[in-house]
file model.cif (mmCIF, C-alpha atoms (C1' of nucleotides))
data_upload
#
loop_
_atom_site.group_PDB
_atom_site.id
_atom_site.type_symbol
_atom_site.label_atom_id
_atom_site.label_comp_id
_atom_site.auth_asym_id
_atom_site.auth_seq_id
_atom_site.Cartn_x
_atom_site.Cartn_y
_atom_site.Cartn_z
ATOM 1 C CA MET A 9 62.053 130.116 117.270
ATOM 2 C CA THR A 10 62.239 127.300 114.739
ATOM 3 C CA ILE A 11 65.292 125.197 114.104
ATOM 4 C CA GLU A 12 65.646 126.736 110.633
ATOM 5 C CA ASN A 13 65.868 130.162 112.303
ATOM 6 C CA PHE A 14 68.660 128.884 114.492
ATOM 7 C CA PHE A 15 70.813 128.254 111.415
ATOM 8 C CA ALA A 16 71.959 130.799 108.787
ATOM 9 C CA LYS A 17 72.219 133.504 111.475
ATOM 10 C CA ALA A 18 75.986 133.316 112.042
ATOM 11 C CA THR A 19 79.108 131.800 110.558
ATOM 12 C CA THR A 20 79.065 128.002 110.490
ATOM 13 C CA ASP A 21 81.802 127.630 113.131
ATOM 14 C CA ILE A 22 79.794 129.772 115.575
ATOM 15 C CA ILE A 23 76.606 127.840 114.790
ATOM 16 C CA THR A 24 78.445 124.578 115.491
ATOM 17 C CA GLN A 25 79.481 125.725 118.974
ATOM 18 C CA ASN A 26 75.974 126.960 119.697
ATOM 19 C CA LEU A 27 74.538 123.594 118.625
ATOM 20 C CA LEU A 28 76.230 121.707 121.486
ATOM 21 C CA GLY A 29 73.634 120.864 124.124
ATOM 22 C CA HIS A 30 70.707 120.808 121.676
ATOM 23 C CA GLU A 31 68.662 117.595 121.565
ATOM 24 C CA LEU A 32 68.570 115.478 118.385
ATOM 25 C CA LEU A 33 65.554 113.163 118.176
ATOM 26 C CA TYR A 34 64.462 110.564 115.626
ATOM 27 C CA GLN A 35 60.916 109.212 115.428
ATOM 28 C CA SER A 36 62.035 105.710 114.505
ATOM 29 C CA PRO A 37 59.732 102.780 113.682
ATOM 30 C CA LYS A 38 60.746 101.246 117.007
ATOM 31 C CA GLY A 39 60.102 104.423 119.043
ATOM 32 C CA VAL A 40 61.691 107.802 119.783
ATOM 33 C CA VAL A 41 65.474 107.709 120.051
ATOM 34 C CA GLY A 42 68.115 110.427 120.416
ATOM 35 C CA GLY A 43 70.245 112.523 122.694
ATOM 36 C CA LEU A 44 72.141 115.732 123.340
ATOM 37 C CA ILE A 45 74.716 116.819 120.768
ATOM 38 C CA VAL A 46 78.106 116.769 122.514
ATOM 39 C CA GLU A 47 80.530 116.831 119.543
ATOM 40 C CA ALA A 48 80.307 118.350 116.034
ATOM 41 C CA GLU A 49 82.546 119.636 113.237
ATOM 42 C CA SER A 50 82.203 122.615 110.876
ATOM 43 C CA TYR A 51 82.794 122.296 107.140
ATOM 44 C CA MET A 52 83.152 125.789 105.746
ATOM 45 C CA GLY A 53 82.291 125.293 102.067
ATOM 46 C CA ILE A 54 84.116 125.952 98.824
ATOM 47 C CA LYS A 55 87.260 127.386 100.456
ATOM 48 C CA ASP A 56 87.618 124.521 102.980
ATOM 49 C CA SER A 57 89.998 121.856 101.626
ATOM 50 C CA ALA A 58 88.346 119.182 103.786
ATOM 51 C CA ALA A 59 84.746 119.915 102.736
ATOM 52 C CA HIS A 60 82.837 117.790 100.247
ATOM 53 C CA SER A 61 81.967 121.065 98.495
ATOM 54 C CA PHE A 62 85.616 122.217 98.258
ATOM 55 C CA GLN A 63 86.173 124.401 95.175
ATOM 56 C CA GLY A 64 82.500 124.148 94.360
ATOM 57 C CA ARG A 65 82.394 120.383 93.873
ATOM 58 C CA ARG A 66 78.800 119.433 93.284
ATOM 59 C CA SER A 67 77.176 116.130 92.337
ATOM 60 C CA PRO A 68 74.008 114.198 93.130
ATOM 61 C CA SER A 69 75.640 112.749 96.252
ATOM 62 C CA ASN A 70 76.466 116.094 97.919
ATOM 63 C CA GLU A 71 73.570 118.125 96.516
ATOM 64 C CA ALA A 72 72.033 118.425 99.990
ATOM 65 C CA LEU A 73 74.890 120.698 101.103
ATOM 66 C CA TYR A 74 73.628 123.239 98.549
ATOM 67 C CA GLY A 75 70.141 123.222 100.050
ATOM 68 C CA PRO A 76 68.740 125.821 102.474
ATOM 69 C CA ALA A 77 69.725 125.914 106.155
ATOM 70 C CA GLY A 78 68.319 122.904 107.975
ATOM 71 C CA THR A 79 68.657 120.512 105.022
ATOM 72 C CA ILE A 80 69.678 116.985 106.031
ATOM 73 C CA TYR A 81 72.813 115.690 104.281
ATOM 74 C CA ILE A 82 73.417 111.950 104.627
ATOM 75 C CA TYR A 83 76.446 110.302 103.048
ATOM 76 C CA SER A 84 78.267 107.055 103.554
ATOM 77 C CA ILE A 85 81.913 106.189 103.950
ATOM 78 C CA TYR A 86 83.651 102.876 104.713
ATOM 79 C CA GLY A 87 80.198 101.305 104.827
ATOM 80 C CA HIS A 88 78.883 103.655 107.536
ATOM 81 C CA TYR A 89 76.245 106.416 107.353
ATOM 82 C CA MET A 90 77.022 109.981 108.482
ATOM 83 C CA PHE A 91 74.660 112.817 109.361
ATOM 84 C CA ASP A 92 75.246 116.465 108.416
ATOM 85 C CA ILE A 93 73.076 119.562 108.475
ATOM 86 C CA ALA A 94 73.406 122.367 105.888
ATOM 87 C CA THR A 95 73.809 125.632 107.782
ATOM 88 C CA GLN A 96 73.603 128.506 105.291
ATOM 89 C CA ALA A 97 71.338 129.863 102.564
ATOM 90 C CA ALA A 98 70.684 127.722 99.481
ATOM 91 C CA GLY A 99 73.712 127.740 97.173
ATOM 92 C CA GLU A 100 76.208 128.304 100.031
ATOM 93 C CA PRO A 101 77.388 124.714 100.690
ATOM 94 C CA GLN A 102 78.506 124.750 104.327
ATOM 95 C CA GLY A 103 77.522 122.218 106.946
ATOM 96 C CA ILE A 104 77.947 120.574 110.322
ATOM 97 C CA LEU A 105 78.852 116.920 110.901
ATOM 98 C CA ILE A 106 77.204 115.556 114.057
ATOM 99 C CA ARG A 107 79.865 113.377 115.692
ATOM 100 C CA ALA A 108 78.504 112.269 119.084
ATOM 101 C CA LEU A 109 75.371 112.195 121.245
ATOM 102 C CA GLN A 110 74.677 111.704 124.938
ATOM 103 C CA PRO A 111 71.572 109.469 124.926
ATOM 104 C CA THR A 112 68.396 110.918 126.445
ATOM 105 C CA GLN A 113 65.595 108.935 124.770
ATOM 106 C CA GLY A 114 65.152 105.304 123.745
ATOM 107 C CA GLU A 115 68.514 104.134 125.060
ATOM 108 C CA LYS A 116 67.242 100.533 125.186
ATOM 109 C CA ILE A 117 66.305 100.659 121.505
ATOM 110 C CA MET A 118 69.701 102.089 120.606
ATOM 111 C CA GLU A 119 71.458 99.340 122.556
ATOM 112 C CA GLN A 120 69.518 96.756 120.554
ATOM 113 C CA ASN A 121 70.390 98.509 117.288
ATOM 114 C CA ARG A 122 74.079 98.521 118.179
ATOM 115 C CA HIS A 123 74.305 95.181 120.010
ATOM 116 C CA LEU A 124 76.286 96.862 122.787
ATOM 117 C CA ASN A 125 75.909 99.402 125.583
ATOM 118 C CA GLY A 126 77.948 101.994 127.454
ATOM 119 C CA TYR A 127 79.749 105.048 126.138
ATOM 120 C CA ASN A 128 80.560 103.324 122.841
ATOM 121 C CA LEU A 129 76.859 103.488 121.948
ATOM 122 C CA THR A 130 76.951 106.942 120.288
ATOM 123 C CA ASN A 131 80.550 108.261 120.510
ATOM 124 C CA GLY A 132 81.212 108.561 116.771
ATOM 125 C CA PRO A 133 79.405 109.736 113.629
ATOM 126 C CA GLY A 134 78.814 106.252 112.209
ATOM 127 C CA LYS A 135 78.011 104.798 115.613
ATOM 128 C CA LEU A 136 75.288 107.317 116.417
ATOM 129 C CA MET A 137 73.550 106.684 113.084
ATOM 130 C CA ALA A 138 73.633 102.939 113.680
ATOM 131 C CA ALA A 139 72.251 103.527 117.186
ATOM 132 C CA LEU A 140 69.387 105.654 115.849
ATOM 133 C CA GLY A 141 68.636 102.875 113.365
ATOM 134 C CA ILE A 142 69.250 104.948 110.218
ATOM 135 C CA ASN A 143 70.817 102.815 107.496
ATOM 136 C CA SER A 144 69.654 104.358 104.226
ATOM 137 C CA PHE A 145 69.635 107.631 102.303
ATOM 138 C CA ALA A 146 65.859 107.995 102.728
ATOM 139 C CA LEU A 147 66.091 111.262 104.688
ATOM 140 C CA ASN A 148 68.808 112.848 102.533
ATOM 141 C CA GLN A 149 67.885 116.347 101.248
ATOM 142 C CA GLN A 150 64.813 116.602 103.495
ATOM 143 C CA LEU A 151 64.328 119.623 105.749
ATOM 144 C CA LEU A 152 64.773 118.859 109.449
ATOM 145 C CA SER A 153 61.411 120.436 110.314
ATOM 146 C CA GLN A 154 59.636 118.233 107.773
ATOM 147 C CA SER A 155 61.256 114.914 108.609
ATOM 148 C CA PRO A 156 61.201 112.350 111.444
ATOM 149 C CA LEU A 157 64.571 113.780 112.498
ATOM 150 C CA SER A 158 64.480 116.924 114.629
ATOM 151 C CA VAL A 159 66.841 119.187 116.568
ATOM 152 C CA SER A 160 65.537 121.276 119.476
ATOM 153 C CA PRO A 161 65.587 125.029 118.667
ATOM 154 C CA GLN A 162 67.280 125.798 121.977
ATOM 155 C CA ARG A 163 69.811 124.265 124.314
ATOM 156 C CA LYS A 164 68.639 121.668 126.827
ATOM 157 C CA LYS A 165 71.918 121.933 128.718
ATOM 158 C CA GLU A 166 74.726 124.519 128.860
ATOM 159 C CA PRO A 167 78.278 123.272 128.266
ATOM 160 C CA ARG A 168 80.633 124.231 131.071
ATOM 161 C CA ARG A 169 83.496 124.518 128.601
ATOM 162 C CA ILE A 170 83.756 124.000 124.836
ATOM 163 C CA ILE A 171 87.015 122.708 123.378
ATOM 164 C CA ALA A 172 88.089 123.490 119.793
ATOM 165 C CA ALA A 173 90.481 121.096 118.035
ATOM 166 C CA PRO A 174 91.480 120.009 114.511
ATOM 167 C CA ARG A 175 88.926 117.807 112.782
ATOM 168 C CA VAL A 176 89.140 114.025 113.037
ATOM 169 C CA ASN A 177 90.673 112.198 110.053
ATOM 170 C CA VAL A 178 91.374 115.395 108.151
ATOM 171 C CA SER A 179 95.016 114.697 107.343
ATOM 172 C CA ALA A 180 95.775 116.724 104.216
ATOM 173 C CA GLY A 181 95.099 120.093 102.654
ATOM 174 C CA ALA A 182 95.497 123.734 103.623
ATOM 175 C CA TRP A 183 92.734 123.537 106.250
ATOM 176 C CA GLN A 184 93.836 120.293 107.921
ATOM 177 C CA ASN A 185 94.839 121.944 111.219
ATOM 178 C CA ARG A 186 92.000 124.444 111.549
ATOM 179 C CA PRO A 187 90.273 124.073 114.940
ATOM 180 C CA LEU A 188 86.797 123.322 113.566
ATOM 181 C CA ARG A 189 85.939 120.356 115.792
ATOM 182 C CA PHE A 190 83.996 121.415 118.878
ATOM 183 C CA TYR A 191 82.999 119.337 121.886
ATOM 184 C CA VAL A 192 81.751 119.496 125.466
ATOM 185 C CA ALA A 193 84.816 119.206 127.722
ATOM 186 C CA GLY A 194 84.636 116.215 130.062
ATOM 187 C CA ASN A 195 81.635 114.502 128.465
ATOM 188 C CA PRO A 196 82.266 110.738 128.213
ATOM 189 C CA TYR A 197 80.378 110.390 124.916
ATOM 190 C CA VAL A 198 82.876 112.576 122.987
ATOM 191 C CA SER A 199 84.774 110.310 120.566
ATOM 192 C CA GLY A 200 88.359 109.370 121.223
ATOM 193 C CA THR A 201 88.748 111.021 124.637
ATOM 194 C CA ALA A 202 90.719 109.523 127.523
ATOM 195 C CA LYS A 203 88.950 108.185 130.602
ATOM 196 C CA ARG A 204 90.913 110.459 132.902
ATOM 197 C CA SER A 205 89.509 113.536 131.092
ATOM 198 C CA TRP A 206 85.897 112.578 131.860
ATOM 199 C CA GLU A 207 83.914 114.675 134.357
ATOM 200 C CA LEU A 208 81.610 111.975 135.662
ATOM 201 C CA SER A 209 79.842 114.198 138.231
ATOM 202 C CA THR A 210 78.602 116.831 135.731
ATOM 203 C CA TRP A 211 79.386 115.224 132.336
ATOM 204 C CA GLY A 212 80.596 118.716 131.374
ATOM 205 C CA TRP A 213 77.261 120.547 131.845
ATOM 206 C CA LEU A 214 76.450 123.579 133.980
ATOM 207 C CA ASN A 215 72.842 122.509 134.608
ATOM 208 C "C1'" DC B 7 85.663 100.073 83.649
ATOM 209 C "C1'" DG B 8 89.146 99.656 87.179
ATOM 210 C "C1'" DA B 9 91.456 101.677 90.956
ATOM 211 C "C1'" DA B 10 92.100 104.316 94.858
ATOM 212 C "C1'" DA B 11 90.757 107.292 98.401
ATOM 213 C "C1'" DG B 12 87.966 108.310 102.341
ATOM 214 C "C1'" DA B 13 84.478 113.590 107.512
ATOM 215 C "C1'" DT B 14 84.934 105.235 110.148
ATOM 216 C "C1'" DC B 15 84.596 101.128 113.255
ATOM 217 C "C1'" DC B 16 86.139 97.132 115.702
ATOM 218 C "C1'" DC B 17 89.262 93.994 117.555
ATOM 219 C "C1'" DC B 18 93.647 92.881 118.866
ATOM 220 C "C1'" DT B 19 98.103 93.708 121.091
ATOM 221 C "C1'" DG C 16 97.847 102.575 118.841
ATOM 222 C "C1'" DG C 17 97.738 99.839 114.716
ATOM 223 C "C1'" DG C 18 95.718 97.172 110.936
ATOM 224 C "C1'" DG C 19 91.991 95.081 108.383
ATOM 225 C "C1'" DA C 20 87.020 95.276 107.005
ATOM 226 C "C1'" DT C 21 83.871 97.397 104.181
ATOM 227 C "C1'" DC C 22 81.577 100.052 100.237
ATOM 228 C "C1'" DT C 23 80.374 104.318 97.855
ATOM 229 C "C1'" DT C 24 82.013 107.908 95.041
ATOM 230 C "C1'" DT C 25 85.114 109.933 91.989
ATOM 231 C "C1'" DC C 26 88.560 110.231 88.600
ATOM 232 C "C1'" DG C 27 91.522 108.736 84.973
ATOM 233 C "C1'" DA C 28 92.354 105.796 80.890
#
call {"tool": "encode", "arguments": {"input": "model.cif", "output": "structure tokens"}}
result
Amino acid sequence: MTIENFFAKATTDIITQNLLGHELLYQSPKGVVGGLIVEAESYMGIKDSAAHSFQGRRSPSNEALYGPAGTIYIYSIYGHYMFDIATQAAGEPQGILIRALQPTQGEKIMEQNRHLNGYNLTNGPGKLMAALGINSFALNQQLLSQSPLSVSPQRKKEPRRIIAAPRVNVSAGAWQNRPLRFYVAGNPYVSGTAKRSWELSTWGWLN
DNA sequence: CGAAAGATCCCCT
DNA sequence: GGGGATCTTTCGA
């Protein structure tokens, strides 16, 4: 099973839920860094009012969304870099925004990249990219399997419970309240969650 | 060419 | 929980 086979086999919202617990790794110049995916959002393509490809919008900056499943889509907003993966066949511009990681590799390097430590290291889409040390568009439009970024083809850990909620900072449009944000319940690296909701014995995993 | 919006972050109360 | 920083992209004149 390759990571490309993992995608394009279901609807993007199902793929997003199945992606939780997979390990994202980056072969960075300073060493291997990465962690388990604990939070992600689905963007459902031309009919989704919050998607960059809404109504078929297409330009050099979002071209990666139109690539085959497993294509890396990097964009920037407010001076921060974000990491998406195209999930469907070429020409069907749907994708997943990776929003938070639980560090498993190179935590020291990530702390140096971020100049801080603790749960704030990777609990947001811009934060995790800064922690990995990615601050350019160099990997945009590359295939995951042919780049220094990789996602494990299967789960490393099973979420005990997955919560679905409206997407973060999607505040207008017909799809603004759709529950397309998915995260591991109780994991302290999920962005914007309250301390009292954290499960610090299991971090939300079954194994 | 200027302006405004935006899938965010950090620091302060 | 709120406001300012920051900067790329897009759209309208």
call {"tool": "atom_distance", "arguments": {"input": "model.cif", "atom1": "atom CA of Ile171 of chain A", "atom2": "atom CA of Met137 of chain A"}}
result
23.3 Å
call {"tool": "residues_around", "arguments": {"input": "model.cif", "residues": "segment 8-19 of chain B", "least_positions_apart": "2", "cutoff": "7 Å", "atoms": "all atoms listed in the file", "output": "NGL selection string"}}
result
:A and (85-86 or 88 or 134 or 177)
call {"tool": "atom_distance", "arguments": {"input": "model.cif", "atom1": "atom CA of Asn148 of chain A", "atom2": "atom CA of Ala72 of chain A"}}
result
6.9 Å
call {"tool": "interface_residues", "arguments": {"input": "model.cif", "of": "chain A", "to": "chain C", "cutoff": "12 Å", "atoms": "only C-alpha atoms (C1' of nucleotides)", "output": "ChimeraX atom specification"}}
result
/A:60,65-70,83-89,200
call {"tool": "interface_residues", "arguments": {"input": "model.cif", "of": "chain A", "to": "chain B", "cutoff": "12 Å", "atoms": "only C-alpha atoms (C1' of nucleotides)", "output": "PDB file with C-alpha atoms, in the frame of the given file"}}
result
ATOM      1  CA  ALA A  48      80.307 118.350 116.034  1.00  0.00           C
ATOM      2  CA  GLU A  49      82.546 119.636 113.237  1.00  0.00           C
ATOM      3  CA  SER A  50      82.203 122.615 110.876  1.00  0.00           C
ATOM      4  CA  TYR A  51      82.794 122.296 107.140  1.00  0.00           C
ATOM      5  CA  SER A  57      89.998 121.856 101.626  1.00  0.00           C
ATOM      6  CA  ALA A  58      88.346 119.182 103.786  1.00  0.00           C
ATOM      7  CA  ALA A  59      84.746 119.915 102.736  1.00  0.00           C
ATOM      8  CA  HIS A  60      82.837 117.790 100.247  1.00  0.00           C
ATOM      9  CA  SER A  61      81.967 121.065  98.495  1.00  0.00           C
ATOM     10  CA  ILE A  82      73.417 111.950 104.627  1.00  0.00           C
ATOM     11  CA  TYR A  83      76.446 110.302 103.048  1.00  0.00           C
ATOM     12  CA  SER A  84      78.267 107.055 103.554  1.00  0.00           C
ATOM     13  CA  ILE A  85      81.913 106.189 103.950  1.00  0.00           C
ATOM     14  CA  TYR A  86      83.651 102.876 104.713  1.00  0.00           C
ATOM     15  CA  GLY A  87      80.198 101.305 104.827  1.00  0.00           C
ATOM     16  CA  HIS A  88      78.883 103.655 107.536  1.00  0.00           C
ATOM     17  CA  TYR A  89      76.245 106.416 107.353  1.00  0.00           C
ATOM     18  CA  MET A  90      77.022 109.981 108.482  1.00  0.00           C
ATOM     19  CA  PHE A  91      74.660 112.817 109.361  1.00  0.00           C
ATOM     20  CA  ASP A  92      75.246 116.465 108.416  1.00  0.00           C
ATOM     21  CA  GLY A 103      77.522 122.218 106.946  1.00  0.00           C
ATOM     22  CA  ILE A 104      77.947 120.574 110.322  1.00  0.00           C
ATOM     23  CA  LEU A 105      78.852 116.920 110.901  1.00  0.00           C
ATOM     24  CA  ILE A 106      77.204 115.556 114.057  1.00  0.00           C
ATOM     25  CA  ARG A 107      79.865 113.377 115.692  1.00  0.00           C
ATOM     26  CA  ARG A 122      74.079  98.521 118.179  1.00  0.00           C
ATOM     27  CA  ASN A 128      80.560 103.324 122.841  1.00  0.00           C
ATOM     28  CA  LEU A 129      76.859 103.488 121.948  1.00  0.00           C
ATOM     29  CA  THR A 130      76.951 106.942 120.288  1.00  0.00           C
ATOM     30  CA  ASN A 131      80.550 108.261 120.510  1.00  0.00           C
ATOM     31  CA  GLY A 132      81.212 108.561 116.771  1.00  0.00           C
ATOM     32  CA  PRO A 133      79.405 109.736 113.629  1.00  0.00           C
ATOM     33  CA  GLY A 134      78.814 106.252 112.209  1.00  0.00           C
ATOM     34  CA  LYS A 135      78.011 104.798 115.613  1.00  0.00           C
ATOM     35  CA  LEU A 136      75.288 107.317 116.417  1.00  0.00           C
ATOM     36  CA  MET A 137      73.550 106.684 113.084  1.00  0.00           C
ATOM     37  CA  ALA A 138      73.633 102.939 113.680  1.00  0.00           C
ATOM     38  CA  PRO A 174      91.480 120.009 114.511  1.00  0.00           C
ATOM     39  CA  ARG A 175      88.926 117.807 112.782  1.00  0.00           C
ATOM     40  CA  VAL A 176      89.140 114.025 113.037  1.00  0.00           C
ATOM     41  CA  ASN A 177      90.673 112.198 110.053  1.00  0.00           C
ATOM     42  CA  VAL A 178      91.374 115.395 108.151  1.00  0.00           C
ATOM     43  CA  SER A 179      95.016 114.697 107.343  1.00  0.00           C
ATOM     44  CA  ALA A 180      95.775 116.724 104.216  1.00  0.00           C
ATOM     45  CA  GLN A 184      93.836 120.293 107.921  1.00  0.00           C
ATOM     46  CA  LEU A 188      86.797 123.322 113.566  1.00  0.00           C
ATOM     47  CA  ARG A 189      85.939 120.356 115.792  1.00  0.00           C
ATOM     48  CA  SER A 199      84.774 110.310 120.566  1.00  0.00           C
TER      49      SER A 199
END
call {"tool": "resolve_selection", "arguments": {"input": "model.cif", "expression": "the PyMOL selection byres ((chain A and resi 198) around 6)", "output": "number ranges by chain"}}
result
A: 47, 108, 131, 195-197, 199
call {"tool": "write_last_selection", "arguments": {"input": "model.cif", "atoms": "C-alpha atoms", "output": "PDB file, in the coordinates of the input"}}
result
ATOM      1  CA  GLU A  47      80.530 116.831 119.543  1.00  0.00           C
ATOM      2  CA  ALA A 108      78.504 112.269 119.084  1.00  0.00           C
ATOM      3  CA  ASN A 131      80.550 108.261 120.510  1.00  0.00           C
ATOM      4  CA  ASN A 195      81.635 114.502 128.465  1.00  0.00           C
ATOM      5  CA  PRO A 196      82.266 110.738 128.213  1.00  0.00           C
ATOM      6  CA  TYR A 197      80.378 110.390 124.916  1.00  0.00           C
ATOM      7  CA  SER A 199      84.774 110.310 120.566  1.00  0.00           C
TER       8      SER A 199
END
call {"tool": "axis_aligned_box", "arguments": {"input": "model.cif", "around": "chain B", "padding_each_side": "6 Å", "output": "AutoDock Vina command-line options"}}
result
--center_x 91.3 --center_y 103.2 --center_z 102.4 --size_x 25.6 --size_y 32.7 --size_z 49.4
call {"tool": "atom_distance", "arguments": {"input": "model.cif", "atom1": "atom CA of Glu119 of chain A", "atom2": "atom CA of Val159 of chain A"}}
result
21.2 Å
call {"tool": "decode", "arguments": {"input": "model.cif", "residues": "chain B", "atoms": "N, CA, C and O atoms (P, O5', C5', C4', C3', O3' and C1' of nucleotides)", "output": "CSV table (one decimal), in the first residue's frame"}}
result
chain,number,residue,atom,x,y,z
B,7,DC,P,2.7,50.1,-11.7
B,7,DC,O5',1.1,50.4,-11.4
B,7,DC,C5',0.6,51.7,-11.4
B,7,DC,C4',-0.5,51.7,-10.3
B,7,DC,C3',0.0,51.4,-8.9
B,7,DC,O3',-0.6,52.3,-8.0
B,7,DC,C1',-1.9,50.0,-9.5
B,8,DG,P,0.0,52.5,-6.5
B,8,DG,O5',-1.3,52.5,-5.7
B,8,DG,C5',-2.5,53.1,-6.1
B,8,DG,C4',-3.7,52.5,-5.5
B,8,DG,C3',-3.6,52.3,-4.0
B,8,DG,O3',-4.8,52.7,-3.4
B,8,DG,C1',-4.1,50.2,-5.1
B,9,DA,P,-4.9,52.7,-1.8
B,9,DA,O5',-6.0,51.6,-1.5
B,9,DA,C5',-7.1,51.5,-2.5
B,9,DA,C4',-7.9,50.3,-2.1
B,9,DA,C3',-7.8,50.0,-0.6
B,9,DA,O3',-9.1,49.5,-0.2
B,9,DA,C1',-7.0,48.1,-1.8
B,10,DA,P,-9.6,49.6,1.3
B,10,DA,O5',-10.3,48.1,1.4
B,10,DA,C5',-10.8,47.5,0.2
B,10,DA,C4',-10.7,46.0,0.4
B,10,DA,C3',-10.8,45.6,1.8
B,10,DA,O3',-11.7,44.5,1.9
B,10,DA,C1',-8.9,44.6,0.8
B,11,DA,P,-12.3,44.0,3.3
B,11,DA,O5',-12.3,42.4,3.0
B,11,DA,C5',-12.4,42.0,1.7
B,11,DA,C4',-11.7,40.7,1.5
B,11,DA,C3',-11.8,39.7,2.7
B,11,DA,O3',-12.0,38.4,2.2
B,11,DA,C1',-9.5,40.1,2.3
B,12,DG,P,-12.7,37.3,3.2
B,12,DG,O5',-11.4,36.4,3.5
B,12,DG,C5',-10.8,35.7,2.4
B,12,DG,C4',-9.5,35.1,3.0
B,12,DG,C3',-9.6,34.5,4.4
B,12,DG,O3',-9.1,33.2,4.3
B,12,DG,C1',-7.8,35.9,4.3
B,13,DA,P,-9.8,31.9,3.7
B,13,DA,O5',-9.3,30.8,4.7
B,13,DA,C5',-9.8,30.7,6.1
B,13,DA,C4',-9.1,29.6,6.8
B,13,DA,C3',-7.6,29.7,6.9
B,13,DA,O3',-7.1,29.1,8.1
B,13,DA,C1',-8.0,27.9,5.6
B,14,DT,P,-6.9,30.0,9.4
B,14,DT,O5',-5.5,30.8,9.2
B,14,DT,C5',-4.3,30.1,9.0
B,14,DT,C4',-3.2,30.6,9.8
B,14,DT,C3',-3.2,30.2,11.3
B,14,DT,O3',-2.0,29.7,11.6
B,14,DT,C1',-3.1,32.6,11.1
B,15,DC,P,-1.6,29.1,13.1
B,15,DC,O5',-0.8,30.3,13.8
B,15,DC,C5',0.3,30.8,13.2
B,15,DC,C4',0.9,32.0,14.0
B,15,DC,C3',1.1,31.7,15.5
B,15,DC,O3',2.4,32.1,15.9
B,15,DC,C1',-0.1,33.7,15.2
B,16,DC,P,3.0,31.6,17.3
B,16,DC,O5',3.1,33.0,18.1
B,16,DC,C5',3.6,34.1,17.5
B,16,DC,C4',3.3,35.3,18.4
B,16,DC,C3',3.4,35.1,19.9
B,16,DC,O3',4.2,36.1,20.5
B,16,DC,C1',1.3,36.0,19.3
B,17,DC,P,4.7,35.9,22.0
B,17,DC,O5',4.2,37.3,22.6
B,17,DC,C5',4.0,38.5,21.8
B,17,DC,C4',3.0,39.3,22.4
B,17,DC,C3',3.0,39.3,24.0
B,17,DC,O3',2.9,40.6,24.5
B,17,DC,C1',0.8,38.8,23.2
B,18,DC,P,3.3,40.9,26.0
B,18,DC,O5',2.0,41.7,26.5
B,18,DC,C5',1.4,42.6,25.7
B,18,DC,C4',-0.1,42.6,26.0
B,18,DC,C3',-0.4,42.6,27.5
B,18,DC,O3',-0.8,43.9,28.0
B,18,DC,C1',-1.9,41.2,26.2
B,19,DT,P,-0.9,44.1,29.6
B,19,DT,O5',-2.5,43.9,29.6
B,19,DT,C5',-3.4,44.5,29.8
B,19,DT,C4',-4.8,43.8,29.6
B,19,DT,C3',-5.5,43.6,30.9
B,19,DT,O3',-6.6,44.5,31.0
B,19,DT,C1',-5.8,41.7,29.4
